[in-house]
>>> print(open('my_file-v2.tsv').read())   # TSV, C-alpha atoms
chain	number	residue	atom	x	y	z
A	18	MET	CA	-55.03	14.55	51.14
A	19	LYS	CA	-53.71	16.55	54.12
A	20	LYS	CA	-50.28	15.00	53.60
A	21	LYS	CA	-50.21	16.12	49.94
A	22	LYS	CA	-51.28	19.65	50.88
A	23	ARG	CA	-48.60	19.81	53.55
A	24	LYS	CA	-45.98	18.60	51.06
A	25	ARG	CA	-47.05	21.24	48.52
A	26	TRP	CA	-46.94	23.94	51.21
A	27	ILE	CA	-43.42	22.94	52.25
A	28	HIS	CA	-42.27	22.91	48.61
A	29	SER	CA	-43.85	26.30	47.95
A	30	SER	CA	-42.36	27.81	51.11
A	31	LEU	CA	-38.87	26.51	50.37
A	32	LYS	CA	-39.08	27.86	46.82
A	33	PHE	CA	-40.11	31.29	48.08
A	34	LEU	CA	-37.35	31.31	50.68
A	35	LEU	CA	-34.68	30.42	48.12
A	36	MET	CA	-35.89	32.48	45.15
A	37	LYS	CA	-36.97	35.63	46.96
A	38	ILE	CA	-34.61	35.80	49.93
A	39	CYS	CA	-31.60	33.46	49.99
A	40	TYR	CA	-30.38	33.66	46.37
A	41	PRO	CA	-30.70	37.48	46.01
A	42	PHE	CA	-29.11	38.11	49.42
A	43	PHE	CA	-26.22	35.73	48.78
A	44	TYR	CA	-25.53	37.30	45.34
A	45	ARG	CA	-25.45	40.80	46.86
A	46	CYS	CA	-23.05	39.62	49.57
A	47	CYS	CA	-20.71	38.19	46.92
A	48	SER	CA	-20.82	41.29	44.70
A	49	TRP	CA	-18.36	43.41	46.67
A	50	LYS	CA	-15.47	42.50	44.33
A	51	THR	CA	-14.61	44.56	41.26
A	52	VAL	CA	-15.93	42.95	38.10
A	53	ASP	CA	-13.25	40.93	36.32
A	54	LYS	CA	-13.31	42.04	32.66
A	55	ASN	CA	-11.55	38.82	31.61
A	56	LYS	CA	-14.00	36.42	33.25
A	57	VAL	CA	-16.40	34.50	30.99
A	58	ILE	CA	-18.82	31.91	32.36
A	59	PHE	CA	-20.82	29.31	30.41
A	60	VAL	CA	-23.86	27.89	32.21
A	61	GLU	CA	-25.50	24.61	31.22
A	62	GLY	CA	-28.86	24.24	32.91
A	63	ARG	CA	-29.54	20.54	32.38
A	64	LEU	CA	-26.75	18.70	30.58
A	65	PRO	CA	-23.49	17.53	32.22
A	66	LYS	CA	-21.22	18.82	29.44
A	67	ILE	CA	-20.81	21.75	27.05
A	68	SER	CA	-23.66	21.30	24.57
A	69	ASN	CA	-23.78	21.99	20.83
A	70	SER	CA	-25.43	25.36	21.52
A	71	PHE	CA	-22.18	26.52	23.13
A	72	GLU	CA	-19.54	24.33	21.53
A	73	LEU	CA	-18.32	26.60	18.72
A	74	LEU	CA	-18.39	29.75	20.87
A	75	TYR	CA	-16.68	27.99	23.76
A	76	ASN	CA	-13.97	26.36	21.63
A	77	LEU	CA	-13.20	29.55	19.70
A	78	LEU	CA	-12.84	31.62	22.87
A	79	LYS	CA	-10.62	28.99	24.49
A	80	LYS	CA	-8.43	28.45	21.46
A	81	GLU	CA	-7.93	31.97	20.13
A	82	TYR	CA	-8.40	34.34	23.08
A	83	THR	CA	-6.97	34.83	26.56
A	84	TYR	CA	-10.17	35.20	28.55
A	85	GLN	CA	-10.59	33.27	31.81
A	86	ILE	CA	-13.31	30.78	30.92
A	87	LYS	CA	-15.27	28.78	33.48
A	88	GLU	CA	-18.18	26.34	33.20
A	89	HIS	CA	-21.11	25.54	35.46
A	90	PHE	CA	-23.32	22.48	35.05
A	91	LEU	CA	-26.45	22.98	37.14
A	92	LEU	CA	-28.01	19.60	36.31
A	93	GLY	CA	-31.43	21.10	36.90
A	94	LEU	CA	-33.20	17.75	36.48
A	95	ASP	CA	-31.35	16.23	39.45
A	96	LYS	CA	-34.05	14.95	41.83
A	97	LYS	CA	-31.97	15.78	44.92
A	98	ARG	CA	-32.95	19.34	45.87
A	99	ARG	CA	-29.91	19.85	48.11
A	100	ASN	CA	-27.52	19.19	45.21
A	101	ARG	CA	-29.38	21.60	42.93
A	102	VAL	CA	-29.43	24.31	45.57
A	103	MET	CA	-25.71	24.00	46.28
A	104	ARG	CA	-24.86	24.22	42.58
A	105	ASN	CA	-26.95	27.38	42.35
A	106	PHE	CA	-25.06	28.97	45.25
A	107	PHE	CA	-21.71	28.09	43.65
A	108	LEU	CA	-22.88	29.70	40.41
A	109	LEU	CA	-24.06	32.90	42.12
A	110	LYS	CA	-20.72	33.25	43.89
A	111	ASP	CA	-18.81	32.79	40.64
A	112	ILE	CA	-20.87	35.17	38.50
A	113	ALA	CA	-20.81	37.90	41.15
A	114	ASP	CA	-17.60	39.32	39.67
A	115	ALA	CA	-17.92	38.01	36.11
A	116	LYS	CA	-18.12	40.34	33.13
A	117	TYR	CA	-19.75	37.87	30.70
A	118	ILE	CA	-22.24	35.04	31.23
A	119	PHE	CA	-23.45	32.79	28.38
A	120	ILE	CA	-26.61	30.69	28.76
A	121	ASN	CA	-28.64	28.61	26.28
A	122	ASP	CA	-31.86	28.00	28.22
A	123	SER	CA	-33.97	29.53	30.96
A	124	ILE	CA	-31.88	29.43	34.16
A	125	PRO	CA	-34.26	30.02	37.11
A	126	VAL	CA	-31.61	31.08	39.63
A	127	LEU	CA	-30.45	33.91	37.35
A	128	ASN	CA	-33.98	35.31	37.34
A	129	THR	CA	-33.93	35.79	41.13
A	130	ILE	CA	-31.22	38.45	41.24
A	131	SER	CA	-30.66	42.02	40.11
A	132	LEU	CA	-27.61	41.49	37.93
A	133	ARG	CA	-24.79	44.01	38.24
A	134	ASN	CA	-24.83	46.69	35.55
A	135	GLU	CA	-21.29	45.80	34.50
A	136	THR	CA	-22.18	42.15	33.82
A	137	LYS	CA	-23.52	41.01	30.45
A	138	LEU	CA	-25.91	38.04	30.27
A	139	ILE	CA	-26.06	36.55	26.76
A	140	GLN	CA	-28.84	34.13	25.81
A	141	VAL	CA	-27.97	32.05	22.71
A	142	TRP	CA	-30.92	29.63	23.14
A	143	HIS	CA	-30.70	25.94	22.27
A	144	GLY	CA	-32.89	25.83	19.17
A	145	CYS	CA	-33.10	27.69	15.88
A	146	GLY	CA	-36.22	29.39	14.56
A	147	ALA	CA	-39.47	29.47	16.53
A	148	PHE	CA	-41.68	26.40	16.26
A	149	LYS	CA	-43.33	25.11	19.44
A	150	LYS	CA	-44.18	27.64	22.14
A	151	PHE	CA	-42.10	28.20	25.27
A	152	GLY	CA	-41.71	30.62	28.16
A	153	TYR	CA	-44.48	33.15	28.67
A	154	SER	CA	-46.20	31.86	25.52
A	155	THR	CA	-47.14	28.64	27.37
A	156	ALA	CA	-48.66	30.35	30.42
A	157	ASP	CA	-51.70	28.35	31.55
A	158	LEU	CA	-51.18	25.69	28.86
A	159	LEU	CA	-50.64	22.10	30.02
A	160	PHE	CA	-46.90	22.41	29.31
A	161	GLY	CA	-46.27	25.75	31.04
A	162	ASP	CA	-46.59	27.41	34.42
A	163	SER	CA	-49.64	29.42	35.43
A	164	LYS	CA	-49.74	33.18	34.89
A	165	ILE	CA	-49.88	33.64	38.65
A	166	GLU	CA	-46.69	31.59	39.09
A	167	LEU	CA	-44.91	33.53	36.32
A	168	GLU	CA	-45.86	36.85	37.91
A	169	LYS	CA	-44.52	35.63	41.24
A	170	TYR	CA	-41.35	34.13	39.78
A	171	PRO	CA	-40.56	35.92	36.47
A	172	ILE	CA	-38.45	34.15	33.84
A	173	HIS	CA	-36.00	35.37	31.17
A	174	GLN	CA	-34.74	38.29	33.25
A	175	ASN	CA	-31.51	40.34	33.04
A	176	TYR	CA	-30.64	39.66	29.38
A	177	SER	CA	-28.19	41.95	27.61
A	178	LEU	CA	-28.48	40.10	24.30
A	179	VAL	CA	-30.57	37.29	22.79
A	180	THR	CA	-29.32	35.87	19.49
A	181	VAL	CA	-31.81	34.41	16.97
A	182	SER	CA	-31.76	32.94	13.48
A	183	SER	CA	-33.69	35.58	11.48
A	184	PRO	CA	-35.77	38.77	11.80
A	185	GLU	CA	-38.88	36.61	11.28
A	186	VAL	CA	-38.65	35.03	14.75
A	187	VAL	CA	-37.90	38.14	16.82
A	188	SER	CA	-41.57	38.67	17.73
A	189	ALA	CA	-41.99	35.06	18.85
A	190	PHE	CA	-38.95	35.31	21.14
A	191	ALA	CA	-40.13	38.67	22.45
A	192	GLU	CA	-43.46	37.11	23.44
A	193	ALA	CA	-41.85	33.99	24.94
A	194	MET	CA	-39.34	35.99	26.98
A	195	GLY	CA	-41.58	38.88	27.96
A	196	LEU	CA	-39.39	41.32	26.02
A	197	GLU	CA	-42.06	43.03	23.91
A	198	LYS	CA	-40.89	46.43	25.23
A	199	GLN	CA	-37.21	45.54	24.82
A	200	LYS	CA	-37.15	43.96	21.37
A	201	GLU	CA	-33.84	45.64	20.61
A	202	ILE	CA	-32.19	43.08	22.93
A	203	ILE	CA	-33.19	40.30	20.51
A	204	GLN	CA	-30.72	40.41	17.64
A	205	PRO	CA	-31.09	38.34	14.42
A	206	ILE	CA	-27.34	37.86	13.99
A	207	GLY	CA	-27.47	34.09	13.65
A	208	VAL	CA	-27.20	30.97	15.80
A	209	SER	CA	-23.69	29.81	16.59
A	210	ARG	CA	-24.43	26.08	16.38
A	211	SER	CA	-25.60	26.46	12.76
A	212	ASP	CA	-22.07	27.35	11.59
A	213	ILE	CA	-21.09	23.68	11.61
A	214	TYR	CA	-23.26	23.01	8.54
A	215	PHE	CA	-21.00	25.22	6.43
A	216	ARG	CA	-17.86	23.13	7.08
A	217	SER	CA	-17.24	20.50	4.40
A	218	LYS	CA	-14.75	18.55	6.56
A	219	PHE	CA	-17.48	18.00	9.11
A	220	TYR	CA	-19.65	16.27	6.48
A	221	LYS	CA	-16.84	13.94	5.44
A	222	LYS	CA	-15.99	12.96	9.02
A	223	ALA	CA	-19.66	12.37	9.83
A	224	LYS	CA	-20.04	10.02	6.85
A	225	GLU	CA	-16.92	8.05	7.82
A	226	LYS	CA	-18.12	7.81	11.41
A	227	LEU	CA	-21.50	6.45	10.35
A	228	GLU	CA	-20.01	3.77	8.10
A	229	ASN	CA	-17.64	2.67	10.88
A	230	LEU	CA	-20.51	2.39	13.34
A	231	MET	CA	-22.92	0.83	10.86
A	232	PRO	CA	-21.23	-0.90	7.89
A	233	SER	CA	-24.64	-1.79	6.42
A	234	ALA	CA	-25.19	1.96	5.76
A	235	LYS	CA	-22.53	1.99	3.05
A	236	ASN	CA	-24.07	2.51	-0.42
A	237	LYS	CA	-27.54	2.89	1.13
A	238	LYS	CA	-29.75	5.95	1.46
A	239	ILE	CA	-30.11	7.24	5.00
A	240	LEU	CA	-33.44	7.80	6.74
A	241	LEU	CA	-33.19	9.73	9.99
A	242	TYR	CA	-36.02	9.68	12.53
A	243	ALA	CA	-35.47	12.45	15.10
A	244	PRO	CA	-38.62	13.25	17.11
A	245	THR	CA	-38.91	15.70	19.98
A	246	TYR	CA	-39.94	14.49	23.42
A	247	ARG	CA	-43.44	14.23	24.85
A	248	GLY	CA	-44.59	15.30	28.30
A	249	SER	CA	-42.80	17.58	30.75
A	250	VAL	CA	-39.07	18.31	30.74
A	251	ALA	CA	-38.55	16.33	33.96
A	252	GLU	CA	-40.56	13.33	32.71
A	253	ALA	CA	-39.56	13.49	29.03
A	254	LYS	CA	-40.60	10.45	26.98
A	255	THR	CA	-39.89	9.57	23.37
A	256	PRO	CA	-42.48	8.47	20.78
A	257	ASP	CA	-42.43	4.73	20.17
A	258	VAL	CA	-44.95	4.41	17.33
A	259	LEU	CA	-42.68	4.11	14.29
A	260	ASP	CA	-43.18	0.65	12.74
A	261	ILE	CA	-39.58	-0.45	12.24
A	262	THR	CA	-40.67	-3.93	11.10
A	263	LEU	CA	-42.79	-2.47	8.30
A	264	PHE	CA	-40.07	-0.06	7.20
A	265	SER	CA	-37.43	-2.79	7.23
A	266	LYS	CA	-39.57	-5.02	5.05
A	267	GLU	CA	-40.56	-2.31	2.55
A	268	LEU	CA	-37.41	-0.14	2.43
A	269	GLY	CA	-34.56	-2.38	3.59
A	270	GLN	CA	-33.10	-2.91	0.12
A	271	GLU	CA	-32.59	0.81	-0.49
A	272	TYR	CA	-32.41	2.48	2.94
A	273	VAL	CA	-31.12	2.18	6.48
A	274	LEU	CA	-32.92	3.88	9.36
A	275	LEU	CA	-31.17	5.90	12.07
A	276	LEU	CA	-32.87	6.97	15.30
A	277	LYS	CA	-31.96	10.05	17.32
A	278	HIS	CA	-34.00	10.72	20.47
A	279	HIS	CA	-34.13	13.99	22.38
A	280	PRO	CA	-31.26	14.41	24.90
A	281	LEU	CA	-33.73	14.86	27.79
A	282	VAL	CA	-35.19	11.38	27.26
A	283	LYS	CA	-33.73	8.83	29.66
A	284	LYS	CA	-35.54	5.60	28.73
A	285	LEU	CA	-35.04	4.68	25.07
A	286	PRO	CA	-36.87	1.99	23.05
A	287	ILE	CA	-34.91	-1.21	22.47
A	288	ILE	CA	-34.35	-2.32	18.86
A	289	ASP	CA	-34.67	-6.05	18.20
A	290	GLN	CA	-31.38	-7.74	17.33
A	291	GLU	CA	-32.60	-8.97	13.91
A	292	LYS	CA	-33.46	-5.41	12.82
A	293	ARG	CA	-30.12	-3.79	13.68
A	294	ALA	CA	-28.67	-4.18	10.17
A	295	PHE	CA	-31.50	-1.93	9.01
A	296	CYS	CA	-32.05	0.28	12.07
A	297	MET	CA	-29.64	1.65	14.67
A	298	ASP	CA	-30.21	4.01	17.60
A	299	MET	CA	-27.56	6.75	17.28
A	300	THR	CA	-28.68	8.83	20.26
A	301	SER	CA	-25.47	8.26	22.22
A	302	LYS	CA	-23.22	7.55	19.23
A	303	MET	CA	-23.53	10.56	16.90
A	304	SER	CA	-24.54	14.18	17.36
A	305	ILE	CA	-27.68	15.55	15.75
A	306	GLU	CA	-25.51	17.74	13.51
A	307	GLU	CA	-23.61	14.70	12.24
A	308	LEU	CA	-26.83	12.81	11.62
A	309	LEU	CA	-28.50	15.67	9.76
A	310	CYS	CA	-25.46	15.93	7.50
A	311	VAL	CA	-25.38	12.23	6.58
A	312	SER	CA	-29.13	11.74	6.14
A	313	ASP	CA	-30.93	11.81	2.79
A	314	ILE	CA	-34.40	12.22	4.30
A	315	CYS	CA	-35.24	13.46	7.78
A	316	ILE	CA	-38.42	12.39	9.57
A	317	SER	CA	-39.39	14.57	12.52
A	318	ASP	CA	-42.47	16.06	14.13
A	319	TYR	CA	-42.37	19.30	16.13
A	320	SER	CA	-38.62	19.61	16.68
A	321	SER	CA	-36.73	22.82	15.91
A	322	LEU	CA	-34.14	20.73	14.03
A	323	VAL	CA	-36.26	21.36	10.91
A	324	PHE	CA	-34.79	24.87	10.84
A	325	GLU	CA	-31.23	23.57	10.87
A	326	TYR	CA	-32.05	20.89	8.32
A	327	SER	CA	-33.40	23.53	5.94
A	328	LEU	CA	-29.83	24.86	5.61
A	329	LEU	CA	-28.93	21.55	3.93
A	330	GLU	CA	-31.83	21.81	1.45
A	331	LYS	CA	-32.78	18.13	1.77
A	332	PRO	CA	-36.30	16.71	2.11
A	333	ILE	CA	-38.07	16.39	5.42
A	334	ILE	CA	-41.29	14.53	6.27
A	335	PHE	CA	-43.38	15.27	9.35
A	336	PHE	CA	-44.73	12.32	11.33
A	337	ALA	CA	-47.36	14.23	13.33
A	338	TYR	CA	-49.56	11.37	14.49
A	339	ASP	CA	-50.59	13.27	17.66
A	340	ILE	CA	-50.77	16.84	16.38
A	341	GLU	CA	-54.11	17.70	18.02
A	342	GLU	CA	-52.95	16.45	21.41
A	343	TYR	CA	-49.59	18.20	21.08
A	344	PHE	CA	-51.23	21.49	20.08
A	345	ASP	CA	-53.40	21.37	23.22
A	346	TRP	CA	-50.33	20.53	25.29
A	347	ARG	CA	-47.97	23.24	24.03
A	348	GLY	CA	-49.08	25.04	20.86
A	349	PHE	CA	-47.16	26.62	17.95
A	350	TYR	CA	-46.13	30.13	16.94
A	351	PHE	CA	-47.15	29.59	13.30
A	352	CYS	CA	-49.84	27.45	11.69
A	353	TYR	CA	-48.26	24.00	11.57
A	354	GLU	CA	-50.14	22.69	8.54
A	355	GLU	CA	-49.48	25.79	6.44
A	356	LEU	CA	-45.86	26.21	7.40
A	357	ALA	CA	-44.44	22.66	7.41
A	358	PRO	CA	-42.01	22.47	4.43
A	359	GLY	CA	-42.81	18.84	3.70
A	360	PRO	CA	-45.60	16.24	3.78
A	361	ILE	CA	-47.45	15.75	7.09
A	362	CYS	CA	-48.27	12.11	7.91
A	363	LYS	CA	-50.37	10.68	10.73
A	364	THR	CA	-49.85	6.96	10.14
A	365	ASN	CA	-46.93	4.65	9.37
A	366	GLN	CA	-48.55	3.72	6.05
A	367	GLU	CA	-48.80	7.37	4.96
A	368	LEU	CA	-45.18	7.90	5.95
A	369	LEU	CA	-44.08	4.84	3.98
A	370	GLU	CA	-45.93	6.01	0.86
A	371	GLN	CA	-44.29	9.45	1.00
A	372	ILE	CA	-40.83	7.90	1.20
A	373	LYS	CA	-41.57	5.61	-1.74
A	374	GLN	CA	-42.74	8.59	-3.80
A	375	MET	CA	-39.74	10.75	-2.86
A	376	LYS	CA	-38.27	10.89	-6.39
A	377	GLN	CA	-41.50	12.46	-7.67
A	378	ILE	CA	-42.18	14.84	-4.79
A	379	GLU	CA	-38.62	15.84	-3.86
A	380	PRO	CA	-38.43	18.93	-6.18
A	381	ILE	CA	-41.62	20.32	-4.61
A	382	ILE	CA	-40.32	19.73	-1.08
A	383	ILE	CA	-36.94	21.33	-1.86
A	384	ASN	CA	-38.65	24.48	-3.16
A	385	LYS	CA	-40.58	24.71	0.11
A	386	ILE	CA	-37.43	24.04	2.13
A	387	GLN	CA	-35.55	26.86	0.36
A	388	ALA	CA	-38.36	29.34	1.04
A	389	TYR	CA	-38.47	28.14	4.66
A	390	LYS	CA	-34.72	28.62	5.03
A	391	ASN	CA	-34.84	32.12	3.58
A	392	ARG	CA	-37.63	33.06	5.98
A	393	PHE	CA	-36.43	31.52	9.24
A	394	MET	CA	-32.65	31.02	8.88
A	395	SER	CA	-31.57	34.09	6.88
A	396	SER	CA	-28.97	35.12	9.49
A	397	CYS	CA	-27.28	31.71	9.55
A	398	ASP	CA	-24.52	31.82	6.95
A	399	GLY	CA	-21.60	30.05	8.62
A	400	HIS	CA	-20.29	33.18	10.39
A	401	ALA	CA	-22.74	33.57	13.28
A	402	THR	CA	-20.18	32.64	15.95
A	403	GLU	CA	-17.82	35.45	14.94
A	404	ARG	CA	-20.69	37.96	14.78
A	405	ILE	CA	-21.90	36.99	18.25
A	406	LEU	CA	-18.44	37.35	19.76
A	407	GLU	CA	-17.96	40.75	18.12
A	408	LYS	CA	-21.38	41.90	19.34
A	409	VAL	CA	-20.68	40.76	22.90
A	410	PHE	CA	-17.03	41.73	23.36
A	411	GLY	CA	-16.45	44.35	20.68
A	412	ARG	CA	-13.77	44.18	18.01
A	413	LYS	CA	-11.25	46.22	19.99
A	414	GLU	CA	-11.61	44.08	23.11
A	415	LEU	CA	-11.26	40.85	21.09
A	416	ASP	CA	-8.08	42.13	19.44
A	417	LEU	CA	-6.60	42.90	22.87
A	418	HIS	CA	-7.26	39.32	24.00
A	419	LYS	CA	-6.11	37.61	20.81
A	420	ARG	CA	-3.55	34.86	21.45
>>> encode(input="my_file-v2.tsv", output="structure tokens")
Amino acid sequence: MKKKKRKRWIHSSLKFLLMKICYPFFYRCCSWKTVDKNKVIFVEGRLPKISNSFELLYNLLKKEYTYQIKEHFLLGLDKKRRNRVMRNFFLLKDIADAKYIFINDSIPVLNTISLRNETKLIQVWHGCGAFKKFGYSTADLLFGDSKIELEKYPIHQNYSLVTVSSPEVVSAFAEAMGLEKQKEIIQPIGVSRSDIYFRSKFYKKAKEKLENLMPSAKNKKILLYAPTYRGSVAEAKTPDVLDITLFSKELGQEYVLLLKHHPLVKKLPIIDQEKRAFCMDMTSKMSIEELLCVSDICISDYSSLVFEYSLLEKPIIFFAYDIEEYFDWRGFYFCYEELAPGPICKTNQELLEQIKQMKQIEPIIINKIQAYKNRFMSSCDGHATERILEKVFGRKELDLHKR
């Protein structure tokens, strides 16, 4: 017991030293340079590459403009503290003279400093809409930090702009980010990653890619199962309750089943060899955008992908077998049962019956999906990336940097 207390004390002391003293001091020491108006930095908190939240913004800036673009991959889930700390110091040094910083998640090290007035910090977030709670909204829930910890180490600081998918979700983001008195920072000008769904060539390429990877999918309807993770971010696990054997037996003549697990999940379920003509895990093979485009029916649970999928106006079914437990763990911004734009199932048998009845119930689901899209995705029209760039840089500045 004493050993555990000592370990917690050391961890707490090191955190205080870094967050309250070392990081702020180091940033101030590096801030003597004049801000470089051409310097743009993209920061990925967890993933080792530019993610889909940034991809369109990043590629457009690189291809069509002359800004100096740099990337930082913090790999925040790395278990080696020394590596994480060093990456944070490298980031602080680099942003000290940067004009623009793009992030898509909460980046703890950026909350420790008083950002220079000349620097803009743009939060584009990694999910559309506002479904499951995050940030300050999860204070004292099982998923979140305590209120005491959040007061000691505030999150979502220094933002110049937060981009969201519709006016409907502004209040949820304001609560989650502690911006109730600065709501004007949260702008419903669209989510960059959603632009991909308005590109017909993308659909065609996604279909061809699927059929190359899984020839048995040709001339079959596509079921996509894409659940969110369970547990903490660091210990993310995927649900493993879908009865693939049952679905193969009952639906194999008409459908194939694709699986897409959350990118934070490290250990994935193994699919038996004899079922792979019917079911394939596409987690590392196709992007979620590609899979949403090729699917005929999406099965999910509490994932924000439902907002993106609504743009396609195709049916979705919710496999919420653990809804009570999940609500206690994290909670929702809106009443789940009232808002879900599709059937909610708690067992494999219920899920199977809904799929079999899809021809009868599809018109009802599509009507709900359209209303859902109009409410939560009204600012996503295929031009969000351009609007975000114009909001951040200004039209005149963009024209000056045009290649």
>>> residues_around(input="my_file-v2.tsv", residues="Arg63 of chain A", least_positions_apart="5", cutoff="12 Å", atoms="only C-alpha atoms", output="ChimeraX atom specification")
/A:68,89-96,101,104,120-125,143,250-251,280-282
>>> closest_residue(input="my_file-v2.tsv", among="A:Arg293, A:Ile261, A:Glu306, A:Leu276", to="Gln366 of chain A", atoms="all atoms listed in the file")
A:Ile261
>>> atom_distance(input="my_file-v2.tsv", atom1="atom CA of Val323 of chain A", atom2="atom CA of Ser163 of chain A")
29.1 Å
>>> atom_distance(input="my_file-v2.tsv", atom1="atom CA of Glu367 of chain A", atom2="atom CA of Thr300 of chain A")
25.3 Å
>>> residues_around(input="my_file-v2.tsv", residues="Ser317 of chain A", least_positions_apart="5", cutoff="7 Å", atoms="all atoms listed in the file", output="PyMOL selection string")
chain A and resi 242-244+334-336
>>> write_last_selection(input="my_file-v2.tsv", atoms="C-alpha atoms", output="tab-separated table (two decimals), keeping the file's coordinate frame")
chain	number	residue	atom	x	y	z
A	242	TYR	CA	-36.02	9.68	12.53
A	243	ALA	CA	-35.47	12.45	15.10
A	244	PRO	CA	-38.62	13.25	17.11
A	334	ILE	CA	-41.29	14.53	6.27
A	335	PHE	CA	-43.38	15.27	9.35
A	336	PHE	CA	-44.73	12.32	11.33
>>> residues_around(input="my_file-v2.tsv", residues="Ser48 of chain A", least_positions_apart="6", cutoff="9 Å", atoms="all atoms listed in the file", output="mmCIF file with C-alpha atoms, keeping the file's coordinate frame")
data_model
loop_
_atom_site.group_PDB
_atom_site.id
_atom_site.type_symbol
_atom_site.label_atom_id
_atom_site.label_comp_id
_atom_site.auth_asym_id
_atom_site.auth_seq_id
_atom_site.Cartn_x
_atom_site.Cartn_y
_atom_site.Cartn_z
ATOM 1 C CA LYS A 110 -20.720 33.250 43.890
ATOM 2 C CA ILE A 112 -20.870 35.170 38.500
ATOM 3 C CA ALA A 113 -20.810 37.900 41.150
ATOM 4 C CA ASP A 114 -17.600 39.320 39.670
ATOM 5 C CA ARG A 133 -24.790 44.010 38.240
#
>>> closest_residue(input="my_file-v2.tsv", among="A:Cys39, A:Leu178, A:Val57, A:Met299", to="Met103 of chain A", atoms="only C-alpha atoms")
A:Cys39
>>> residues_around(input="my_file-v2.tsv", residues="Cys397 of chain A", least_positions_apart="5", cutoff="7 Å", atoms="only C-alpha atoms", output="JSON, numbers by chain")
{"A": [182, 207, 208, 211]}
>>> closest_residue(input="my_file-v2.tsv", among="A:Asn365, A:Asn236, A:Thr155, A:Asn175", to="Thr129 of chain A", atoms="all atoms listed in the file")
A:Asn175
>>> residues_around(input="my_file-v2.tsv", residues="Phe42 of chain A", least_positions_apart="3", cutoff="12 Å", atoms="all atoms listed in the file", output="mmCIF file with C-alpha atoms, in the coordinates of the input")
data_model
loop_
_atom_site.group_PDB
_atom_site.id
_atom_site.type_symbol
_atom_site.label_atom_id
_atom_site.label_comp_id
_atom_site.auth_asym_id
_atom_site.auth_seq_id
_atom_site.Cartn_x
_atom_site.Cartn_y
_atom_site.Cartn_z
ATOM 1 C CA LEU A 34 -37.350 31.310 50.680
ATOM 2 C CA LEU A 35 -34.680 30.420 48.120
ATOM 3 C CA MET A 36 -35.890 32.480 45.150
ATOM 4 C CA LYS A 37 -36.970 35.630 46.960
ATOM 5 C CA ILE A 38 -34.610 35.800 49.930
ATOM 6 C CA CYS A 39 -31.600 33.460 49.990
ATOM 7 C CA ARG A 45 -25.450 40.800 46.860
ATOM 8 C CA CYS A 46 -23.050 39.620 49.570
ATOM 9 C CA CYS A 47 -20.710 38.190 46.920
ATOM 10 C CA SER A 48 -20.820 41.290 44.700
ATOM 11 C CA PHE A 106 -25.060 28.970 45.250
ATOM 12 C CA LEU A 109 -24.060 32.900 42.120
ATOM 13 C CA LYS A 110 -20.720 33.250 43.890
ATOM 14 C CA ALA A 113 -20.810 37.900 41.150
ATOM 15 C CA THR A 129 -33.930 35.790 41.130
ATOM 16 C CA ILE A 130 -31.220 38.450 41.240
ATOM 17 C CA SER A 131 -30.660 42.020 40.110
#
>>> build_atoms(input="my_file-v2.tsv", residues="segment 96-103 of chain A", atoms="N, CA, C and O atoms", output="compact mmCIF listing (two decimals), in the frame of the given file")
# COMPACT_ATOMS: atom_id res chain seq x y z
N LYS A 96 -32.91 15.06 40.91
CA LYS A 96 -34.05 14.95 41.83
C LYS A 96 -33.69 15.34 43.27
O LYS A 96 -34.56 15.56 44.10
N LYS A 97 -32.39 15.43 43.57
CA LYS A 97 -31.97 15.78 44.92
C LYS A 97 -31.89 17.31 45.04
O LYS A 97 -30.99 17.94 44.51
N ARG A 98 -32.85 17.89 45.74
CA ARG A 98 -32.95 19.34 45.87
C ARG A 98 -31.67 19.96 46.45
O ARG A 98 -31.20 20.99 45.99
N ARG A 99 -31.09 19.30 47.46
CA ARG A 99 -29.91 19.85 48.11
C ARG A 99 -28.77 20.06 47.11
O ARG A 99 -28.08 21.07 47.14
N ASN A 100 -28.58 19.08 46.21
CA ASN A 100 -27.52 19.19 45.21
C ASN A 100 -27.78 20.36 44.27
O ASN A 100 -26.86 21.11 43.92
N ARG A 101 -29.03 20.51 43.83
CA ARG A 101 -29.38 21.60 42.93
C ARG A 101 -29.16 22.95 43.59
O ARG A 101 -28.61 23.87 42.99
N VAL A 102 -29.56 23.05 44.83
CA VAL A 102 -29.43 24.31 45.57
C VAL A 102 -27.96 24.68 45.74
O VAL A 102 -27.57 25.84 45.54
N MET A 103 -27.14 23.72 46.09
CA MET A 103 -25.71 24.00 46.28
C MET A 103 -25.06 24.45 44.98
O MET A 103 -24.22 25.36 44.97
